[in-house]
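Student: Input: one structure, supplied below.
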Amino acid sequence: MAMEQALGRYVVNNEQWRPIAESLVEKHEIISHVEPEDIVFIENHWLVPKPGQHIVLATITKLPERLQVLCGYSYVLELRMNAIGYMTQKQLNLLIYHELRHIDRDGTVRKHDIEDFREIVNNFGLGWANPGAEIKDILEINCMAEANPEIGD
Ligand SMILES: [Zn+2]
């Protein structure tokens, strides 16, 4: 019984999310070092935000080496499904991009430049994840070319 209830709280769904990561990595040089097959995509189906509560929409975690050996993945990308149900596909694509940007070239998971990553804010604004936000598709723009002019502002 307890086991049955536990099933479905976290669901591995590489089939749905990894192809997005693969497309992003192919398109955007800044994350070209990321290996999507090193990431397990886990949906969190139990965490429900209270009305008005702000919760983190997704997280990325580097597994300790021992666990990497055991499970064959280096990172866990967790999506809080009850918090992102409103998102358009474009927002979901950008959410995955955001999480992948946390993986540094040396393999560590790093924090944001600012409140978000600079090129995301420059291209999409800070409110890109808000309900109803209409944004460009990260899979259709060259983020780096448009985001980082030589002279910053
Ligand atoms: Zn973040």
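If you're wondering about the labels, chains in the structure tokens are A, B, ... by order shown, residues count from 1 in each chain, ligands from 1 in order shown.
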Which residues of chain A come within 10 Å of ligand 1, and what is each one's closest atom pair and distance in Å (one decimal), counting only C-alpha atoms and all ligand atoms, sorted by chain and residue number, as a Markdown table?
Tutor:
| residue | atom | partner | partner_atom_place_in_ligand_line | distance |
| --- | --- | --- | --- | --- |
| A:Val56 | CA | ligand 1 | 1 (Zn) | 8.5 |
| A:Leu57 | CA | ligand 1 | 1 (Zn) | 9.1 |
| A:Ala58 | CA | ligand 1 | 1 (Zn) | 7.8 |
| A:Thr59 | CA | ligand 1 | 1 (Zn) | 7.1 |
| A:Ile60 | CA | ligand 1 | 1 (Zn) | 8.2 |
| A:Leu95 | CA | ligand 1 | 1 (Zn) | 8.8 |
| A:Ile96 | CA | ligand 1 | 1 (Zn) | 10.0 |
| A:Tyr97 | CA | ligand 1 | 1 (Zn) | 9.8 |
| A:His98 | CA | ligand 1 | 1 (Zn) | 6.1 |
| A:Glu99 | CA | ligand 1 | 1 (Zn) | 5.9 |
| A:Leu100 | CA | ligand 1 | 1 (Zn) | 9.0 |
| A:Arg101 | CA | ligand 1 | 1 (Zn) | 8.0 |
| A:His102 | CA | ligand 1 | 1 (Zn) | 6.6 |
| A:Val109 | CA | ligand 1 | 1 (Zn) | 9.9 |
| A:Arg110 | CA | ligand 1 | 1 (Zn) | 8.8 |
| A:Lys111 | CA | ligand 1 | 1 (Zn) | 6.7 |
| A:His112 | CA | ligand 1 | 1 (Zn) | 6.2 |
| A:Asp113 | CA | ligand 1 | 1 (Zn) | 9.7 |
| A:Ile114 | CA | ligand 1 | 1 (Zn) | 9.9 |
| A:Glu115 | CA | ligand 1 | 1 (Zn) | 8.2 |
| A:Asp116 | CA | ligand 1 | 1 (Zn) | 6.3 |
| A:Phe117 | CA | ligand 1 | 1 (Zn) | 7.8 |
Student: Using C-alpha atoms, can you write the selected residues to a file as a PDB file, in the first residue's frame?
Tutor:
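The resulting file, result-v1.pdb, is reproduced below:
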ATOM      1  CA  VAL A  56      10.994  26.815  -7.061  1.00  0.00           C
ATOM      2  CA  LEU A  57       9.712  25.476 -10.382  1.00  0.00           C
ATOM      3  CA  ALA A  58      12.605  23.176 -11.115  1.00  0.00           C
ATOM      4  CA  THR A  59      15.944  22.226  -9.650  1.00  0.00           C
ATOM      5  CA  ILE A  60      19.120  20.632 -10.839  1.00  0.00           C
ATOM      6  CA  LEU A  95      12.839  26.445 -17.935  1.00  0.00           C
ATOM      7  CA  ILE A  96      14.887  23.471 -19.131  1.00  0.00           C
ATOM      8  CA  TYR A  97      17.457  25.862 -20.618  1.00  0.00           C
ATOM      9  CA  HIS A  98      17.648  27.697 -17.315  1.00  0.00           C
ATOM     10  CA  GLU A  99      18.348  24.469 -15.442  1.00  0.00           C
ATOM     11  CA  LEU A 100      20.974  23.348 -17.958  1.00  0.00           C
ATOM     12  CA  ARG A 101      22.720  26.715 -17.585  1.00  0.00           C
ATOM     13  CA  HIS A 102      23.381  25.799 -13.965  1.00  0.00           C
ATOM     14  CA  VAL A 109      26.364  23.213 -10.502  1.00  0.00           C
ATOM     15  CA  ARG A 110      26.629  26.983 -10.211  1.00  0.00           C
ATOM     16  CA  LYS A 111      24.397  29.837  -9.178  1.00  0.00           C
ATOM     17  CA  HIS A 112      22.934  32.582 -11.365  1.00  0.00           C
ATOM     18  CA  ASP A 113      24.838  35.650 -12.542  1.00  0.00           C
ATOM     19  CA  ILE A 114      22.023  37.806 -11.222  1.00  0.00           C
ATOM     20  CA  GLU A 115      18.468  36.846 -10.330  1.00  0.00           C
ATOM     21  CA  ASP A 116      18.502  34.700 -13.413  1.00  0.00           C
ATOM     22  CA  PHE A 117      21.110  34.143 -16.076  1.00  0.00           C
TER      23      PHE A 117
END
Student: Find the residues around range 20-24 of chain A up to 8 Å (only C-alpha atoms counted), leave out those fewer than 2 positions away in its own chain, and share them as a ChimeraX atom specification.
Tutor: /A:16-18,26-28,31,36,93,96-97,100,138-139
Student: Write a file of the selected residues as a JSON list (two decimals), in the first residue's frame, keeping N, CA and C atoms.
Tutor:
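Result went into selection.json, see below:
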[["chain", "number", "residue", "atom", "x", "y", "z"],
["A", 16, "GLN", "N", 10.07, 12.54, -22.32],
["A", 16, "GLN", "CA", 9.48, 13.83, -22.64],
["A", 16, "GLN", "C", 10.49, 14.97, -22.60],
["A", 17, "TRP", "N", 11.38, 14.95, -21.61],
["A", 17, "TRP", "CA", 12.20, 16.14, -21.35],
["A", 17, "TRP", "C", 13.57, 16.10, -21.99],
["A", 18, "ARG", "N", 14.14, 14.92, -22.15],
["A", 18, "ARG", "CA", 15.50, 14.89, -22.68],
["A", 18, "ARG", "C", 15.60, 15.43, -24.12],
["A", 26, "GLU", "N", 22.27, 21.41, -28.58],
["A", 26, "GLU", "CA", 22.71, 21.50, -29.97],
["A", 26, "GLU", "C", 22.69, 22.94, -30.46],
["A", 27, "LYS", "N", 21.70, 23.69, -30.01],
["A", 27, "LYS", "CA", 21.51, 25.03, -30.55],
["A", 27, "LYS", "C", 22.38, 26.08, -29.87],
["A", 28, "HIS", "N", 22.61, 25.92, -28.59],
["A", 28, "HIS", "CA", 23.24, 27.01, -27.83],
["A", 28, "HIS", "C", 24.63, 26.62, -27.33],
["A", 31, "ILE", "N", 25.87, 26.09, -23.68],
["A", 31, "ILE", "CA", 25.61, 24.86, -22.92],
["A", 31, "ILE", "C", 26.03, 23.62, -23.70],
["A", 36, "PRO", "N", 23.04, 15.63, -22.21],
["A", 36, "PRO", "CA", 21.69, 15.32, -21.72],
["A", 36, "PRO", "C", 21.53, 13.88, -21.22],
["A", 93, "ASN", "N", 10.45, 25.11, -22.40],
["A", 93, "ASN", "CA", 11.75, 25.02, -23.06],
["A", 93, "ASN", "C", 12.77, 25.92, -22.36],
["A", 96, "ILE", "N", 13.85, 24.51, -18.98],
["A", 96, "ILE", "CA", 14.89, 23.47, -19.13],
["A", 96, "ILE", "C", 16.23, 24.14, -19.43],
["A", 97, "TYR", "N", 16.22, 25.13, -20.32],
["A", 97, "TYR", "CA", 17.46, 25.86, -20.62],
["A", 97, "TYR", "C", 18.05, 26.45, -19.34],
["A", 100, "LEU", "N", 19.73, 23.81, -17.34],
["A", 100, "LEU", "CA", 20.97, 23.35, -17.96],
["A", 100, "LEU", "C", 22.09, 24.38, -17.78],
["A", 138, "ILE", "N", 13.08, 29.77, -27.11],
["A", 138, "ILE", "CA", 14.54, 29.64, -27.02],
["A", 138, "ILE", "C", 15.10, 28.68, -28.07],
["A", 139, "LEU", "N", 14.25, 27.78, -28.54],
["A", 139, "LEU", "CA", 14.70, 26.85, -29.58],
["A", 139, "LEU", "C", 14.74, 27.50, -30.95]]
Student: Between CA of Lys136 in chain A and CA of Met81 in chain A, measure the distance and give it in Å to one decimal.
Tutor: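 Calculated distance between CA of Lys136 in chain A and CA of Met81 in chain A is 21.9 Å.
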Student: Could you please write out, as an MDAnalysis selection string, every residue of range 67-133 of chain A that DSSP assigns to strand (DSSP E)?
Tutor: chainID A and resid 75:80
Student: Please produce a file of the residues just selected, as a PDB file, in the first residue's frame, where the atoms kept are N, CA and C atoms.
Tutor:
ATOM      1  N   TYR A  75      23.433  14.011 -12.933  1.00  0.00           N
ATOM      2  CA  TYR A  75      22.575  15.101 -12.462  1.00  0.00           C
ATOM      3  C   TYR A  75      21.115  14.653 -12.400  1.00  0.00           C
ATOM      4  N   VAL A  76      20.391  15.274 -11.491  1.00  0.00           N
ATOM      5  CA  VAL A  76      18.935  15.097 -11.424  1.00  0.00           C
ATOM      6  C   VAL A  76      18.291  16.435 -11.740  1.00  0.00           C
ATOM      7  N   LEU A  77      17.474  16.461 -12.778  1.00  0.00           N
ATOM      8  CA  LEU A  77      16.694  17.665 -13.074  1.00  0.00           C
ATOM      9  C   LEU A  77      15.255  17.363 -12.655  1.00  0.00           C
ATOM     10  N   GLU A  78      14.824  18.079 -11.605  1.00  0.00           N
ATOM     11  CA  GLU A  78      13.484  17.831 -11.057  1.00  0.00           C
ATOM     12  C   GLU A  78      12.532  18.941 -11.472  1.00  0.00           C
ATOM     13  N   LEU A  79      11.382  18.552 -11.979  1.00  0.00           N
ATOM     14  CA  LEU A  79      10.357  19.512 -12.391  1.00  0.00           C
ATOM     15  C   LEU A  79       9.169  19.397 -11.446  1.00  0.00           C
ATOM     16  N   ARG A  80       8.788  20.515 -10.822  1.00  0.00           N
ATOM     17  CA  ARG A  80       7.633  20.518  -9.912  1.00  0.00           C
ATOM     18  C   ARG A  80       6.368  20.690 -10.742  1.00  0.00           C
TER      19      ARG A  80
END
Student: Could you name the residues that touch range 86-89 of chain A at 10 Å or less, counting only C-alpha atoms, but leaving out those on the same chain fewer than 6 positions away, as a list of chain:residue names?
Tutor: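 In the requested format, the answer is A:Leu95, A:Trp128, A:Ala129, A:Asn130, A:Pro131, A:Gly132, A:Ala133, A:Glu134, A:Ile135, A:Asp137.
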Student: Have a look at A:Ile84, A:Val11, A:Ile141, A:Leu63 and name the one nearest to Ile39 in chain A; count only C-alpha atoms.
Tutor: A:Leu63
Student: When you draw a straight line from CA of Glu140 in chain A to CA of Leu94 in chain A, how long is it in Å?
Tutor: 11.1 Å
Student: Between A:Asn82, A:Ser74, A:Gln68, A:Thr61, which is the closest to Glu43 in chain A once you count only C-alpha atoms?
Tutor: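 Once distances to Glu43 in chain A are computed over only C-alpha atoms, the minimum belongs to A:Asn82.
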Student: Taking only C-alpha atoms into account, which of A:Pro64, A:Gly107, A:Gly85, A:Gly127 comes nearest Pro49 in chain A?
Tutor: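 Among the listed residues, the smallest separation from Pro49 in chain A belongs to A:Gly85.
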Student: Run DSSP on the backbone and give me the residues of range 2-146 of chain A it puts in helix (DSSP H, G or I), as a count of residues only.
Tutor: 56
